[in-house]
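Asker: Mind having a look at this structure? Questions to follow.
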Number of protein chains: 2
Amino acid sequence: MTTHFLDQAVALQVLDNGRYSGTTSPDYANMVGPFGGITAATVMQALMRHPDRLGEPISLTVNYAAALADGGFTVAARPVRTNRSTQHWTLEITQPDANGDASTVLTATAVTAVRRETWSVDEVPMPAVPLPSDVPRAKMPRSVAWVQRYAMHSITGGLPTVWDGQGDTSLLRMWVRDEPERPLDFCSLTALADVFYPRIWLRRAKPVPTGTVSMTVYFHAGSAEHAATGTGWLLAQAQGQAYRNGFFDQTAQLWNEAGALLVTTHQIVYYKE
Amino acid sequence: MTTHFLDQAVALQVLDNGRYSGTTSPDYANMVGPFGGITAATVMQALMRHPDRLGEPISLTVNYAAALADGGFTVAARPVRTNRSTQHWTLEITQPDANGDASTVLTATAVTAVRRETWSVDEVPMPAVPLPSDVPRAKMPRSVAWVQRYAMHSITGGLPTVWDGQGDTSLLRMWVRDEPERPLDFCSLTALADVFYPRIWLRRAKPVPTGTVSMTVYFHAGSAEHAATGTGWLLAQAQGQAYRNGFFDQTAQLWNEAGALLVTTHQIVYYKE
């Protein structure tokens, strides 16, 4: 069995205590540099591999400080506070600058925790949608590598086919999963949190330049629920809330086919005009 | 004119380059320790006072790593990457531990940016609600100091009066402003992002122990819009999305009376049972 594209992309070599080296993967290339989701997944991988980790991820915030150049990089993960059942992390990706000095290209914070059995409920129900087999494969540009790493079946809010500046909503719903299929885990979910093309393209029906500045992911399920979800489809929903003065936000949810809300996530995105 | 409670609470003394000392304020005391919103506002204050700051805040994520003890603390703000029009920050609050060593009680990241005139729109409209003068003052426990620092007029989702375990939604809408009135700025907005009592109390009609673990605030307006909002009311809306295994999330919005969406914010919260 060959290693999945995602596992190749997030593969890390141990440098020393909490520091790892990695290399960008052409399999997840975006129009310029790597897909932001795979970069976030690599940060998650550093966290998951850290020998001092307590529990499983609850939240992750990644800040894209600069464009990650294709090639090698260093990820550092540091537990800054370990409590009885929660642990707080700071993480960073650096690359050498023109002088060879380490330059920060991404900062992140994360919280891990030992989860317990408690009263539990999903307040935001999975919307009523057709089955994955009943909706068409989304039409996405085949020239962008990372898009080919996902099977996306569009329900509403697919990429506009007419860019006439006449959009009126940014709501997107689609079924999505890794392609080829891969059992869900914290790394793949982190990448999937960023799987949406920019909301402003749909809201405006205009493909202006954009770049995610900061993304936060809340994990509502642990590895047991991920294993139960397996290679199944996820229902992914995203919508923008406000667009002003060069930045807009996105709020999104990922449910498994059984209707469990696995992830809620938010990001703020730069746009050019 | 006396200094407003909030300005007293977030007051900082310069220690050295990007490091400040502060003291918790009994005016914003919560049941145990300070109101998390005022702690976040103090982090924002360190960012706003930093001499190297470029532009204004776009996003702030604060992670409450440990209970902040009443008394003195140190806030450190560090610009880790300065680009042409954006700047990335890491911030930290420390307090001395039992041995007198600096112990991390809060970590944060922030992005500031020079905002430009662009196409802009709010996609999430302010809900149709009655005027602040037409809804009653929210009934909140007068014994908790920070609650008295806000005028809250409840529209829906006020604190339950019967704790019978029979809740069915966590949606809260209220008009809110500082009390006494104070012109809006990034610090007060940061505190207001955390002004909601725990969503799980409403969803369950059961007051279980809770504590915010991580909060992210996206600022969709700059100081000019804050000045235009002045001391006016804000419409504050919050709702939980998922509650599972000891953690739930909250998504929230703050609009000014003119209907501009000033802030979208999210947090993940620990709950005990």
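By order in the structure tokens, chains are A, B, ...; within a chain, residues start at 1; ligands start at 1, following the order shown.
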Up to 7 Å from chain A, what residues of chain B turn up? Count only C-alpha atoms and give them as a list in words.
Answerer: Ala65, Val80, Arg81, His88, Thr104, Arg115, Arg116, Glu117, Thr118, Trp119, Ser120, Val121, Asp122, Glu123, Val124, His220, Gly240, Gln241, Ala242, Tyr243, Arg244, Asn245, Gly246, Leu261 and Glu273 of chain B
Asker: Identify, on the basis of only C-alpha atoms, every residue whose closest approach to Pro51 of chain A does not exceed 12 Å; exclude the query and any residue fewer than 6 positions from it along the same chain; express the result as an MDAnalysis selection string.
Answerer: chainID A and resid 14 16:19 45 77:79
Asker: I'd like the interatomic distance between atom CA of Ala205 of chain A and atom CA of Lys139 of chain A, to a tenth of an Å.
Answerer: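 Atom CA of Lys139 of chain A lies 15.3 Å from atom CA of Ala205 of chain A.
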Asker: Can you pull out every residue from segment 59-272 of chain B that DSSP, working from the backbone, puts in strand (DSSP E or B), and format the result as a PyMOL selection string?
Answerer: chain B and resi 59-64+72-82+86-96+102-113+121-122+137+150-156+172-178+210-219+234-244+247-256+261-271
Asker: Any chance you can output those residues with C-alpha atoms as an mmCIF file, in the first residue's frame?
Answerer:
data_model
loop_
_atom_site.group_PDB
_atom_site.id
_atom_site.type_symbol
_atom_site.label_atom_id
_atom_site.label_comp_id
_atom_site.auth_asym_id
_atom_site.auth_seq_id
_atom_site.Cartn_x
_atom_site.Cartn_y
_atom_site.Cartn_z
ATOM 1 C CA SER B 59 -7.931 39.507 14.488
ATOM 2 C CA LEU B 60 -7.057 38.478 18.028
ATOM 3 C CA THR B 61 -6.967 34.992 19.518
ATOM 4 C CA VAL B 62 -6.513 34.618 23.278
ATOM 5 C CA ASN B 63 -5.965 31.279 25.019
ATOM 6 C CA TYR B 64 -6.738 31.176 28.724
ATOM 7 C CA GLY B 72 -0.084 41.959 39.329
ATOM 8 C CA PHE B 73 0.826 40.473 35.960
ATOM 9 C CA THR B 74 3.097 41.103 32.989
ATOM 10 C CA VAL B 75 1.927 41.414 29.377
ATOM 11 C CA ALA B 76 4.443 41.002 26.578
ATOM 12 C CA ALA B 77 3.669 41.905 22.948
ATOM 13 C CA ARG B 78 6.063 41.018 20.160
ATOM 14 C CA PRO B 79 5.757 41.738 16.435
ATOM 15 C CA VAL B 80 7.067 38.547 14.812
ATOM 16 C CA ARG B 81 6.511 39.501 11.191
ATOM 17 C CA THR B 82 5.960 42.913 9.656
ATOM 18 C CA THR B 86 0.020 43.568 7.715
ATOM 19 C CA GLN B 87 1.780 42.658 10.938
ATOM 20 C CA HIS B 88 1.687 39.440 12.988
ATOM 21 C CA TRP B 89 1.975 39.413 16.773
ATOM 22 C CA THR B 90 2.468 36.958 19.586
ATOM 23 C CA LEU B 91 1.453 38.027 23.076
ATOM 24 C CA GLU B 92 1.617 36.493 26.509
ATOM 25 C CA ILE B 93 0.535 37.182 30.085
ATOM 26 C CA THR B 94 2.702 35.806 32.857
ATOM 27 C CA GLN B 95 2.449 35.800 36.636
ATOM 28 C CA PRO B 96 5.010 34.595 39.166
ATOM 29 C CA ALA B 102 7.297 33.700 35.363
ATOM 30 C CA SER B 103 4.477 31.280 34.554
ATOM 31 C CA THR B 104 2.363 31.571 31.394
ATOM 32 C CA VAL B 105 -1.312 32.192 32.153
ATOM 33 C CA LEU B 106 -2.405 33.410 28.709
ATOM 34 C CA THR B 107 -1.086 33.133 25.158
ATOM 35 C CA ALA B 108 -2.347 35.178 22.233
ATOM 36 C CA THR B 109 -1.749 35.944 18.596
ATOM 37 C CA ALA B 110 -2.971 38.967 16.678
ATOM 38 C CA VAL B 111 -2.892 40.477 13.218
ATOM 39 C CA THR B 112 -2.912 44.197 12.547
ATOM 40 C CA ALA B 113 -3.243 45.778 9.127
ATOM 41 C CA VAL B 121 -20.871 44.500 2.419
ATOM 42 C CA ASP B 122 -22.327 42.823 5.512
ATOM 43 C CA ARG B 137 -32.969 45.643 31.496
ATOM 44 C CA TYR B 150 -22.455 46.796 31.362
ATOM 45 C CA ALA B 151 -25.974 47.941 30.570
ATOM 46 C CA MET B 152 -27.693 44.900 29.031
ATOM 47 C CA HIS B 153 -31.218 45.007 27.639
ATOM 48 C CA SER B 154 -32.367 41.484 26.885
ATOM 49 C CA ILE B 155 -34.310 40.710 23.710
ATOM 50 C CA THR B 156 -34.199 36.927 23.814
ATOM 51 C CA LEU B 172 -29.177 35.196 22.927
ATOM 52 C CA ARG B 173 -29.838 38.689 21.623
ATOM 53 C CA MET B 174 -29.389 41.822 23.699
ATOM 54 C CA TRP B 175 -28.544 45.479 23.454
ATOM 55 C CA VAL B 176 -25.390 46.219 25.410
ATOM 56 C CA ARG B 177 -22.993 49.054 26.162
ATOM 57 C CA ASP B 178 -20.428 50.015 28.750
ATOM 58 C CA THR B 210 -17.568 26.578 32.772
ATOM 59 C CA GLY B 211 -14.461 28.440 31.656
ATOM 60 C CA THR B 212 -13.468 29.897 28.290
ATOM 61 C CA VAL B 213 -10.422 28.123 26.868
ATOM 62 C CA SER B 214 -9.837 30.076 23.658
ATOM 63 C CA MET B 215 -11.521 33.107 22.065
ATOM 64 C CA THR B 216 -11.005 34.624 18.626
ATOM 65 C CA VAL B 217 -12.225 38.099 17.703
ATOM 66 C CA TYR B 218 -12.408 39.442 14.132
ATOM 67 C CA PHE B 219 -12.612 43.229 13.847
ATOM 68 C CA LEU B 234 -24.524 47.409 20.279
ATOM 69 C CA LEU B 235 -26.750 44.527 19.303
ATOM 70 C CA ALA B 236 -25.030 41.409 20.627
ATOM 71 C CA GLN B 237 -26.019 37.934 19.401
ATOM 72 C CA ALA B 238 -24.542 34.610 20.470
ATOM 73 C CA GLN B 239 -25.319 30.938 19.964
ATOM 74 C CA GLY B 240 -23.639 27.617 20.702
ATOM 75 C CA GLN B 241 -23.065 25.163 17.864
ATOM 76 C CA ALA B 242 -21.850 21.921 19.460
ATOM 77 C CA TYR B 243 -21.480 20.650 23.030
ATOM 78 C CA ARG B 244 -19.541 17.436 23.437
ATOM 79 C CA PHE B 247 -16.295 21.548 25.547
ATOM 80 C CA PHE B 248 -18.732 23.706 23.598
ATOM 81 C CA ASP B 249 -18.281 26.524 21.127
ATOM 82 C CA GLN B 250 -20.031 29.861 20.748
ATOM 83 C CA THR B 251 -20.356 32.026 17.647
ATOM 84 C CA ALA B 252 -21.343 35.660 18.147
ATOM 85 C CA GLN B 253 -21.819 38.972 16.361
ATOM 86 C CA LEU B 254 -21.855 42.607 17.466
ATOM 87 C CA TRP B 255 -23.621 45.254 15.345
ATOM 88 C CA ASN B 256 -23.864 48.980 16.062
ATOM 89 C CA LEU B 261 -21.381 44.393 11.746
ATOM 90 C CA LEU B 262 -18.398 45.524 13.831
ATOM 91 C CA VAL B 263 -17.214 42.209 15.277
ATOM 92 C CA THR B 264 -17.646 38.490 14.705
ATOM 93 C CA THR B 265 -16.232 36.286 17.443
ATOM 94 C CA HIS B 266 -15.979 32.664 18.496
ATOM 95 C CA GLN B 267 -14.897 30.833 21.568
ATOM 96 C CA ILE B 268 -14.538 27.328 22.904
ATOM 97 C CA VAL B 269 -15.509 26.760 26.484
ATOM 98 C CA TYR B 270 -14.849 24.026 29.009
ATOM 99 C CA TYR B 271 -17.822 22.672 30.941
#
Asker: Where does DSSP see helix (DSSP H, G or I) in segment 45-205 of chain A, if you list the residues as a list of chain:residue names?
Answerer: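 Taking segment 45-205 of chain A and keeping helix (DSSP H, G or I) gives A:Gln45, A:Ala46, A:Leu47, A:Met48, A:Arg49, A:Pro132, A:Ser133, A:Asp134, A:Ala145, A:Trp146, A:Val147, A:Gln148, A:Arg149, A:Phe186, A:Cys187, A:Ser188, A:Leu189, A:Thr190, A:Ala191, A:Leu192, A:Arg199, A:Ile200, A:Trp201, A:Leu202, A:Arg203, A:Arg204.
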Asker: Tell me which of B:Ala9, B:Leu131, B:Leu184, B:Leu159 sits closest to Trp201 of chain B, counting only C-alpha atoms.
Answerer: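 Result for the nearest residue to Trp201 of chain B: B:Leu159.
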Asker: Leaving out Met44 of chain B and any residue of its chain fewer than 5 positions from it, which residues lie within 8 Å of it when counting only C-alpha atoms, given as number ranges by chain?
Answerer: B: 186-187, 190
Asker: Could you write those residues out with N, CA and C atoms, as an mmCIF file, in the first residue's frame?
Answerer:
data_model
loop_
_atom_site.group_PDB
_atom_site.id
_atom_site.type_symbol
_atom_site.label_atom_id
_atom_site.label_comp_id
_atom_site.auth_asym_id
_atom_site.auth_seq_id
_atom_site.Cartn_x
_atom_site.Cartn_y
_atom_site.Cartn_z
ATOM 1 N N PHE B 186 -11.054 49.568 20.354
ATOM 2 C CA PHE B 186 -10.676 48.162 20.225
ATOM 3 C C PHE B 186 -10.670 47.445 21.576
ATOM 4 N N CYS B 187 -10.266 48.140 22.640
ATOM 5 C CA CYS B 187 -10.248 47.495 23.957
ATOM 6 C C CYS B 187 -11.653 47.156 24.437
ATOM 7 N N THR B 190 -13.173 44.334 22.451
ATOM 8 C CA THR B 190 -12.590 43.035 22.803
ATOM 9 C C THR B 190 -13.268 42.473 24.043
#
Asker: In Å to one decimal, how far is atom CA of Met126 of chain A from atom CA of Gly259 of chain A?
Answerer: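 Value for the atom CA of Gly259 of chain A-atom CA of Met126 of chain A distance: 5.7 Å.
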